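Text of target27.cif, listed as mmCIF, C-alpha atoms:
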data_model
#
loop_
_atom_site.label_atom_id
_atom_site.label_comp_id
_atom_site.auth_asym_id
_atom_site.auth_seq_id
_atom_site.Cartn_x
_atom_site.Cartn_y
_atom_site.Cartn_z
CA MET A 1099 153.11 70.32 19.77
CA PHE A 1100 151.15 72.29 22.34
CA HIS A 1101 147.35 72.00 22.52
CA PHE A 1102 145.25 74.90 23.81
CA LYS A 1103 141.47 74.95 24.17
CA GLN A 1104 140.85 76.62 20.81
CA PHE A 1105 144.06 76.15 18.82
CA THR A 1106 147.23 74.06 18.50
CA ILE A 1107 150.82 75.24 18.28
CA HIS A 1108 153.37 73.23 16.28
CA GLN A 1109 156.85 74.37 17.28
CA ASP A 1110 159.44 71.96 15.86
CA GLN A 1111 160.84 74.65 13.51
CA CYS A 1112 161.08 77.43 16.12
CA ALA A 1113 163.93 78.29 18.46
CA MET A 1114 161.50 79.98 20.84
CA LYS A 1115 159.13 77.31 22.14
CA VAL A 1116 155.83 77.86 23.94
CA SER A 1117 156.64 79.06 27.46
CA THR A 1118 154.60 79.85 30.55
CA ASP A 1119 155.75 83.48 30.60
CA ALA A 1120 154.74 84.01 26.95
CA CYS A 1121 151.32 82.52 27.72
CA ILE A 1122 150.97 84.92 30.65
CA LEU A 1123 151.77 87.85 28.33
CA GLY A 1124 149.22 86.70 25.75
CA ALA A 1125 146.50 86.34 28.38
CA TRP A 1126 147.34 89.55 30.28
CA VAL A 1127 147.29 92.11 27.47
CA ASP A 1128 144.04 94.07 27.27
CA VAL A 1129 143.15 93.87 23.57
CA ALA A 1130 139.35 93.67 23.78
CA GLN A 1131 138.91 97.11 22.21
CA ALA A 1132 141.89 96.97 19.84
CA GLU A 1133 141.27 97.32 16.12
CA ASN A 1134 144.79 96.79 14.74
CA ILE A 1135 147.40 94.80 16.66
CA LEU A 1136 151.07 94.28 15.83
CA ASP A 1137 153.01 91.28 17.17
CA ILE A 1138 156.78 91.92 16.99
CA GLY A 1139 158.67 88.62 16.84
CA ALA A 1140 155.86 86.22 16.00
CA GLY A 1141 157.76 83.00 16.75
CA THR A 1142 155.23 80.17 16.60
CA GLY A 1143 152.33 82.63 16.28
CA LEU A 1144 151.32 81.97 19.90
CA LEU A 1145 150.73 85.58 20.98
CA SER A 1146 148.85 86.46 17.80
CA LEU A 1147 146.51 83.49 18.26
CA MET A 1148 145.95 84.21 21.97
CA MET A 1149 145.03 87.81 21.14
CA ALA A 1150 142.87 86.79 18.18
CA GLN A 1151 140.89 84.47 20.45
CA ARG A 1152 139.67 87.32 22.63
CA SER A 1153 139.44 90.23 20.23
CA THR A 1154 138.02 91.13 16.85
CA ALA A 1155 141.19 92.96 15.81
CA ARG A 1156 143.17 92.62 12.62
CA ILE A 1157 146.59 91.30 13.66
CA ASP A 1158 149.88 91.65 11.81
CA ALA A 1159 152.85 89.63 13.04
CA VAL A 1160 156.48 90.14 11.99
CA GLU A 1161 159.08 87.37 12.21
CA LEU A 1162 162.76 87.50 11.22
CA ASP A 1163 163.51 83.77 11.08
CA THR A 1164 162.26 81.96 7.96
CA PRO A 1165 161.45 78.56 9.55
CA ALA A 1166 159.59 80.27 12.41
CA PHE A 1167 157.76 82.49 9.90
CA GLU A 1168 156.61 79.42 7.95
CA GLN A 1169 155.52 77.66 11.13
CA ALA A 1170 153.62 80.69 12.42
CA LYS A 1171 151.82 80.94 9.07
CA SER A 1172 150.90 77.26 9.26
CA ASN A 1173 149.68 77.46 12.89
CA ILE A 1174 147.57 80.51 12.09
CA ALA A 1175 146.15 78.96 8.90
CA GLU A 1176 144.99 75.94 10.92
CA SER A 1177 143.26 78.17 13.49
CA ASN A 1178 139.82 79.79 13.48
CA TRP A 1179 141.31 83.25 12.89
CA GLY A 1180 143.45 82.87 9.80
CA ASP A 1181 141.33 85.43 7.96
CA ARG A 1182 142.43 88.28 10.23
CA VAL A 1183 145.99 87.35 11.23
CA GLU A 1184 148.80 87.91 8.73
CA VAL A 1185 152.47 87.07 9.19
CA PHE A 1186 155.29 89.03 7.53
CA LEU A 1187 158.88 87.85 7.06
CA GLY A 1188 161.59 90.36 7.86
CA LYS A 1189 163.07 92.72 10.43
CA ILE A 1190 160.71 95.01 12.31
CA GLN A 1191 163.21 97.81 11.64
CA ASP A 1192 162.35 97.48 7.92
CA PHE A 1193 158.64 96.75 8.29
CA SER A 1194 156.17 99.29 6.96
CA SER A 1195 152.39 99.32 6.89
CA ASP A 1196 149.64 101.51 5.47
CA LYS A 1197 148.05 101.57 8.93
CA LYS A 1198 149.04 102.36 12.49
CA TYR A 1199 148.50 100.01 15.41
CA ASP A 1200 146.58 100.77 18.59
CA TYR A 1201 148.18 97.83 20.44
CA ILE A 1202 151.70 96.44 19.90
CA VAL A 1203 153.02 93.38 21.72
CA SER A 1204 156.51 91.89 21.85
CA ASN A 1205 158.33 89.05 23.57
CA PRO A 1206 161.70 90.26 22.23
CA PRO A 1207 165.25 88.87 22.31
CA PHE A 1208 166.79 90.17 25.51
CA TYR A 1209 170.16 88.61 26.34
CA GLN A 1210 172.79 91.31 25.99
CA ASN A 1211 175.97 89.93 27.60
CA HIS A 1212 175.31 86.19 27.89
CA LEU A 1213 177.24 83.36 26.28
CA LYS A 1214 175.83 82.53 22.87
CA SER A 1215 174.58 79.23 21.52
CA GLU A 1216 176.31 77.66 18.54
CA LYS A 1217 172.92 77.67 16.80
CA VAL A 1218 172.33 80.84 14.77
CA GLN A 1219 168.54 80.47 14.97
CA LYS A 1220 168.61 80.30 18.76
CA ASN A 1221 170.95 83.31 18.95
CA GLN A 1222 168.56 85.39 16.84
CA ALA A 1223 165.66 84.42 19.08
CA HIS A 1224 167.42 85.14 22.38
CA HIS A 1225 170.04 87.86 21.82
CA THR A 1226 169.58 91.58 21.16
CA GLU A 1227 172.02 91.81 18.25
CA THR A 1228 169.16 91.37 15.77
CA LEU A 1229 166.92 93.85 17.61
CA SER A 1230 168.30 96.28 20.16
CA PHE A 1231 165.98 97.87 22.70
CA GLU A 1232 166.42 101.23 21.01
CA GLU A 1233 165.49 99.75 17.63
CA LEU A 1234 162.49 98.03 19.23
CA LEU A 1235 161.20 101.24 20.82
CA ASP A 1236 161.83 103.31 17.70
CA SER A 1237 159.86 100.76 15.66
CA VAL A 1238 156.99 100.83 18.16
CA LEU A 1239 156.87 104.64 18.19
CA ARG A 1240 156.94 104.71 14.39
CA LEU A 1241 154.13 102.15 13.97
CA ARG A 1242 151.72 102.98 16.81
CA THR A 1243 148.74 105.32 16.75
CA THR A 1244 149.08 108.49 18.84
CA SER A 1245 147.23 106.77 21.70
CA GLY A 1246 148.52 103.25 21.00
CA LYS A 1247 149.79 101.00 23.78
CA PHE A 1248 152.83 98.73 23.83
CA ALA A 1249 153.25 95.62 26.01
CA VAL A 1250 156.58 93.88 26.42
CA LEU A 1251 157.88 90.87 28.39
CA LEU A 1252 161.43 90.90 29.79
CA PRO A 1253 163.54 89.73 32.75
CA ALA A 1254 163.72 92.24 35.60
CA TYR A 1255 167.08 93.85 34.76
CA GLU A 1256 166.34 94.18 31.05
CA ALA A 1257 162.88 95.55 31.84
CA LYS A 1258 164.50 98.38 33.82
CA VAL A 1259 166.96 99.09 30.99
CA LEU A 1260 164.12 99.32 28.47
CA GLU A 1261 161.98 101.41 30.85
CA ASP A 1262 164.72 104.02 31.30
CA LEU A 1263 165.14 104.22 27.53
CA ALA A 1264 161.39 104.43 26.92
CA VAL A 1265 160.92 107.25 29.45
CA SER A 1266 163.73 109.19 27.76
CA LYS A 1267 161.67 108.97 24.55
CA GLY A 1268 158.46 110.18 26.25
CA PHE A 1269 156.94 106.71 26.49
CA PHE A 1270 155.79 105.80 30.00
CA PRO A 1271 154.98 102.58 31.90
CA GLN A 1272 151.28 102.54 32.82
CA LYS A 1273 150.71 98.95 33.93
CA LYS A 1274 153.20 96.44 35.27
CA LEU A 1275 152.91 92.74 36.12
CA THR A 1276 155.75 91.13 38.07
CA VAL A 1277 155.79 87.35 37.62
CA ARG A 1278 157.28 84.97 40.20
CA HIS A 1279 157.17 81.19 40.29
CA ARG A 1280 155.90 81.36 43.88
CA GLU A 1281 155.64 83.93 46.67
CA GLY A 1282 159.11 84.91 47.89
CA ALA A 1283 160.88 83.57 44.80
CA LYS A 1284 163.04 85.76 42.57
CA ILE A 1285 161.37 87.70 39.78
CA LEU A 1286 160.90 85.47 36.74
CA ARG A 1287 159.68 88.08 34.25
CA VAL A 1288 158.20 91.57 34.16
CA ILE A 1289 155.45 92.59 31.74
CA VAL A 1290 155.00 96.32 31.19
CA GLU A 1291 152.36 98.21 29.21
CA TYR A 1292 153.51 101.59 27.91
CA GLY A 1293 151.62 104.64 26.70
CA THR A 1294 152.26 108.30 25.96
CA ALA A 1295 150.62 109.70 29.08
CA SER A 1296 152.54 109.65 32.37
CA VAL A 1297 149.74 108.26 34.53
CA PHE A 1298 149.56 106.37 37.82
CA LEU A 1299 151.36 103.05 37.46
CA GLU A 1300 149.19 99.99 38.12
CA ASN A 1301 151.62 97.51 39.65
CA THR A 1302 150.58 93.91 40.42
CA GLU A 1303 152.26 90.57 41.11
CA LEU A 1304 151.44 87.12 39.79
CA PHE A 1305 152.54 83.91 41.50
CA ILE A 1306 152.34 80.88 39.21
CA LYS A 1307 152.27 78.20 41.92
CA ASP A 1308 151.58 78.02 45.64
CA ALA A 1309 153.61 76.40 48.42
CA GLN A 1310 152.17 72.99 47.48
CA GLU A 1311 153.30 73.46 43.84
CA GLN A 1312 149.72 73.77 42.66
CA TYR A 1313 148.71 76.49 40.23
CA THR A 1314 147.40 79.53 42.10
CA ALA A 1315 143.82 80.72 41.65
CA GLN A 1316 145.25 83.93 40.17
CA PHE A 1317 147.20 82.05 37.50
CA SER A 1318 144.32 79.67 36.78
CA ALA A 1319 141.90 82.57 36.30
CA LEU A 1320 144.28 84.28 33.87
CA LEU A 1321 144.87 81.18 31.72
CA LYS A 1322 141.50 79.44 32.00
CA GLU A 1323 140.45 80.49 28.49
CA TYR A 1324 143.53 78.78 27.05
CA TYR A 1325 144.92 75.89 29.13
CA LEU A 1326 143.19 72.52 28.81
CA ILE A 1327 143.88 71.72 32.49
CA PHE A 1328 141.58 74.49 33.75
#
Kindly present the structure from the file in structure tokens form.
Amino acid sequence: MFHFKQFTIHQDQCAMKVSTDACILGAWVDVAQAENILDIGAGTGLLSLMMAQRSTARIDAVELDTPAFEQAKSNIAESNWGDRVEVFLGKIQDFSSDKKYDYIVSNPPFYQNHLKSEKVQKNQAHHTETLSFEELLDSVLRLRTTSGKFAVLLPAYEAKVLEDLAVSKGFFPQKKLTVRHREGAKILRVIVEYGTASVFLENTELFIKDAQEQYTAQFSALLKEYYLIF
């Protein structure tokens, strides 16, 4: 169980647990003006709840794994925003909606050539066999509004693979956040926001901790609306 300032995440039925990088994604996305948001790969419901906390948007979340789907539904029902967040069971490749989304967010499976776990649920959560990058992008392009944005969290190599594929489809990186544990450390994750227009790329870095292993002011400011310790 993970307690935030305004909601609680139960995660015993989910392969993908609450992680620092997912929390950074949920806090970083600019959804203040969004009307309809889509969360691809809901997991525990963490991202949907983080976005619901600081927006008035209607949020749809899609989850492939049945136990995770049930847990996301339960976490959302216990929150203050259950009336505007809905979770759907199934593959995003098969998902259809009577509306388009002006902001789409995903913390997708990304391991492409790594050794697999013996647990099927964990494999689905971590490996791209259930959702390739091409299928992910095609789903985003099919479900977004003409001016809709897409934010995605990936390791550095996979982020470059997806970026090359996105650009080939006329979908361009507009904002990028490179996350490192501390200054000088290897890249932990990259968060990229895509849009149709090829505009100047806003590129920033986030260090989670300083040389004394204390949370940086930058990280604290980003997560202060969520983490109980701030």
Open item on the list: On this structure, the PyMOL selection byres ((chain A and resi 1259) around 12) would catch which residues? List them as JSON, numbers by chain, sorted by chain and number.
Closed with: {"A": [1208, 1209, 1210, 1230, 1231, 1232, 1235, 1252, 1253, 1254, 1255, 1256, 1257, 1258, 1260, 1261, 1262, 1263, 1264, 1265, 1266, 1288]}
If we count all atoms listed in the file, what is near Ser1117 in chain A at a cut-off of 12 Å, once residues fewer than 4 positions away on the same chain are taken out, given as a PDB file with C-alpha atoms, keeping the file's coordinate frame?
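selection.pdb was written with the following content:
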ATOM      1  CA  PHE A1100     151.150  72.290  22.340  1.00  0.00           C
ATOM      2  CA  ILE A1107     150.820  75.240  18.280  1.00  0.00           C
ATOM      3  CA  GLN A1109     156.850  74.370  17.280  1.00  0.00           C
ATOM      4  CA  ALA A1113     163.930  78.290  18.460  1.00  0.00           C
ATOM      5  CA  CYS A1121     151.320  82.520  27.720  1.00  0.00           C
ATOM      6  CA  ILE A1122     150.970  84.920  30.650  1.00  0.00           C
ATOM      7  CA  LEU A1123     151.770  87.850  28.330  1.00  0.00           C
ATOM      8  CA  GLY A1124     149.220  86.700  25.750  1.00  0.00           C
ATOM      9  CA  GLY A1141     157.760  83.000  16.750  1.00  0.00           C
ATOM     10  CA  THR A1142     155.230  80.170  16.600  1.00  0.00           C
ATOM     11  CA  LEU A1144     151.320  81.970  19.900  1.00  0.00           C
ATOM     12  CA  LEU A1145     150.730  85.580  20.980  1.00  0.00           C
ATOM     13  CA  ASN A1205     158.330  89.050  23.570  1.00  0.00           C
ATOM     14  CA  LEU A1251     157.880  90.870  28.390  1.00  0.00           C
ATOM     15  CA  ARG A1287     159.680  88.080  34.250  1.00  0.00           C
TER      16      ARG A1287
END
TODO: Identify all residues satisfying the PyMOL selection byres ((chain A and resi 1194) around 12) in the given file; provide them as an NGL selection string.
DONE: :A and (1136 or 1158-1160 or 1186-1193 or 1195-1199 or 1237-1238 or 1240-1242)
Task: Selection under test: the PyMOL selection byres ((chain A and resi 1325) around 12); residues as an NGL selection string - done: :A and (1100-1106 or 1118 or 1121-1122 or 1125 or 1148 or 1313 or 1317-1324 or 1326-1328)
Create the file for the chosen residues now, containing C-alpha atoms and written as an mmCIF file, in the frame of the given file.
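Done, and the output landed in again.cif:
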data_model
loop_
_atom_site.group_PDB
_atom_site.id
_atom_site.type_symbol
_atom_site.label_atom_id
_atom_site.label_comp_id
_atom_site.auth_asym_id
_atom_site.auth_seq_id
_atom_site.Cartn_x
_atom_site.Cartn_y
_atom_site.Cartn_z
ATOM 1 C CA PHE A 1100 151.150 72.290 22.340
ATOM 2 C CA HIS A 1101 147.350 72.000 22.520
ATOM 3 C CA PHE A 1102 145.250 74.900 23.810
ATOM 4 C CA LYS A 1103 141.470 74.950 24.170
ATOM 5 C CA GLN A 1104 140.850 76.620 20.810
ATOM 6 C CA PHE A 1105 144.060 76.150 18.820
ATOM 7 C CA THR A 1106 147.230 74.060 18.500
ATOM 8 C CA THR A 1118 154.600 79.850 30.550
ATOM 9 C CA CYS A 1121 151.320 82.520 27.720
ATOM 10 C CA ILE A 1122 150.970 84.920 30.650
ATOM 11 C CA ALA A 1125 146.500 86.340 28.380
ATOM 12 C CA MET A 1148 145.950 84.210 21.970
ATOM 13 C CA TYR A 1313 148.710 76.490 40.230
ATOM 14 C CA PHE A 1317 147.200 82.050 37.500
ATOM 15 C CA SER A 1318 144.320 79.670 36.780
ATOM 16 C CA ALA A 1319 141.900 82.570 36.300
ATOM 17 C CA LEU A 1320 144.280 84.280 33.870
ATOM 18 C CA LEU A 1321 144.870 81.180 31.720
ATOM 19 C CA LYS A 1322 141.500 79.440 32.000
ATOM 20 C CA GLU A 1323 140.450 80.490 28.490
ATOM 21 C CA TYR A 1324 143.530 78.780 27.050
ATOM 22 C CA LEU A 1326 143.190 72.520 28.810
ATOM 23 C CA ILE A 1327 143.880 71.720 32.490
ATOM 24 C CA PHE A 1328 141.580 74.490 33.750
#
Write out as a compact mmCIF listing (two decimals) with C-alpha atoms, in the coordinates of the input which residues come within 9 Å of Ile1157 in chain A when counting all atoms listed in the file, dropping same-chain ones fewer than 3 positions away.
# COMPACT_ATOMS: atom_id res chain seq x y z
CA GLU A 1133 141.27 97.32 16.12
CA ASN A 1134 144.79 96.79 14.74
CA ILE A 1135 147.40 94.80 16.66
CA LEU A 1136 151.07 94.28 15.83
CA ASP A 1137 153.01 91.28 17.17
CA SER A 1146 148.85 86.46 17.80
CA MET A 1149 145.03 87.81 21.14
CA ALA A 1150 142.87 86.79 18.18
CA ARG A 1182 142.43 88.28 10.23
CA VAL A 1183 145.99 87.35 11.23
CA GLU A 1184 148.80 87.91 8.73
CA VAL A 1185 152.47 87.07 9.19
Task: Atomic distance CA of Asp1163 in chain A - CA of Ser1177 in chain A, expressed in Å with one decimal - done: 21.1 Å
TODO: Compare A:Ile1202, A:Ala1315, A:Ala1130, A:Met1114 by their minimum atom-to-atom distance to Lys1247 in chain A, counting all atoms listed in the file, and give me the closest one.
DONE: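 Result for the nearest residue to Lys1247 in chain A: A:Ile1202.
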- [ ] Mind giving me the straight-line distance from CA of Leu1275 in chain A to CA of Ala1166 in chain A in Å, one decimal?
- [x]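 One can read the CA of Leu1275 in chain A to CA of Ala1166 in chain A distance as 27.6 Å.
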- [ ] Please measure the separation of CA of Pro1207 in chain A and CA of Gly1293 in chain A, giving the value in Å to one decimal.
- [x]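 Value for the CA of Pro1207 in chain A-CA of Gly1293 in chain A distance: 21.3 Å.
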Open item on the list: For a quick check of understanding, using all atoms listed in the file, which of A:Val1250, A:Ala1140, A:Ala1132, A:Ile1306 has the smallest distance to Leu1234 in chain A?
Closed with: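 For Leu1234 in chain A, the nearest of the candidates is A:Val1250.
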Would you mind writing range 1174-1193 of chain A with N, CA and C atoms, as a CSV table (one decimal), keeping the file's coordinate frame?
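Contents of the output file out.csv:
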chain,number,residue,atom,x,y,z
A,1174,ILE,N,148.7,79.5,12.2
A,1174,ILE,CA,147.6,80.5,12.1
A,1174,ILE,C,146.6,80.0,11.0
A,1175,ALA,N,147.0,79.5,9.9
A,1175,ALA,CA,146.2,79.0,8.9
A,1175,ALA,C,145.3,77.8,9.4
A,1176,GLU,N,145.8,77.1,10.4
A,1176,GLU,CA,145.0,75.9,10.9
A,1176,GLU,C,144.0,76.4,12.0
A,1177,SER,N,144.1,77.7,12.4
A,1177,SER,CA,143.3,78.2,13.5
A,1177,SER,C,141.9,78.7,12.9
A,1178,ASN,N,141.1,79.2,13.9
A,1178,ASN,CA,139.8,79.8,13.5
A,1178,ASN,C,139.9,81.2,13.0
A,1179,TRP,N,141.2,81.8,13.1
A,1179,TRP,CA,141.3,83.2,12.9
A,1179,TRP,C,142.3,83.6,11.8
A,1180,GLY,N,142.5,82.6,10.9
A,1180,GLY,CA,143.4,82.9,9.8
A,1180,GLY,C,143.1,84.0,8.9
A,1181,ASP,N,141.8,84.4,8.9
A,1181,ASP,CA,141.3,85.4,8.0
A,1181,ASP,C,141.7,86.8,8.5
A,1182,ARG,N,142.1,86.9,9.7
A,1182,ARG,CA,142.4,88.3,10.2
A,1182,ARG,C,143.8,88.4,10.9
A,1183,VAL,N,144.6,87.3,10.7
A,1183,VAL,CA,146.0,87.4,11.2
A,1183,VAL,C,146.9,87.1,10.1
A,1184,GLU,N,147.9,88.0,9.8
A,1184,GLU,CA,148.8,87.9,8.7
A,1184,GLU,C,150.2,88.0,9.3
A,1185,VAL,N,151.1,87.1,8.7
A,1185,VAL,CA,152.5,87.1,9.2
A,1185,VAL,C,153.4,87.6,8.1
A,1186,PHE,N,154.3,88.4,8.5
A,1186,PHE,CA,155.3,89.0,7.5
A,1186,PHE,C,156.7,88.6,7.9
A,1187,LEU,N,157.5,88.3,6.9
A,1187,LEU,CA,158.9,87.8,7.1
A,1187,LEU,C,159.8,89.1,6.9
A,1188,GLY,N,160.6,89.3,7.9
A,1188,GLY,CA,161.6,90.4,7.9
A,1188,GLY,C,161.9,91.0,9.2
A,1189,LYS,N,162.7,92.0,9.2
A,1189,LYS,CA,163.1,92.7,10.4
A,1189,LYS,C,162.0,93.8,10.7
A,1190,ILE,N,161.7,94.0,12.0
A,1190,ILE,CA,160.7,95.0,12.3
A,1190,ILE,C,161.3,96.4,12.0
A,1191,GLN,N,162.6,96.5,12.0
A,1191,GLN,CA,163.2,97.8,11.6
A,1191,GLN,C,162.9,98.2,10.2
A,1192,ASP,N,162.6,97.2,9.3
A,1192,ASP,CA,162.4,97.5,7.9
A,1192,ASP,C,160.9,97.4,7.6
A,1193,PHE,N,160.1,97.0,8.6
A,1193,PHE,CA,158.6,96.8,8.3
A,1193,PHE,C,157.9,98.1,8.1
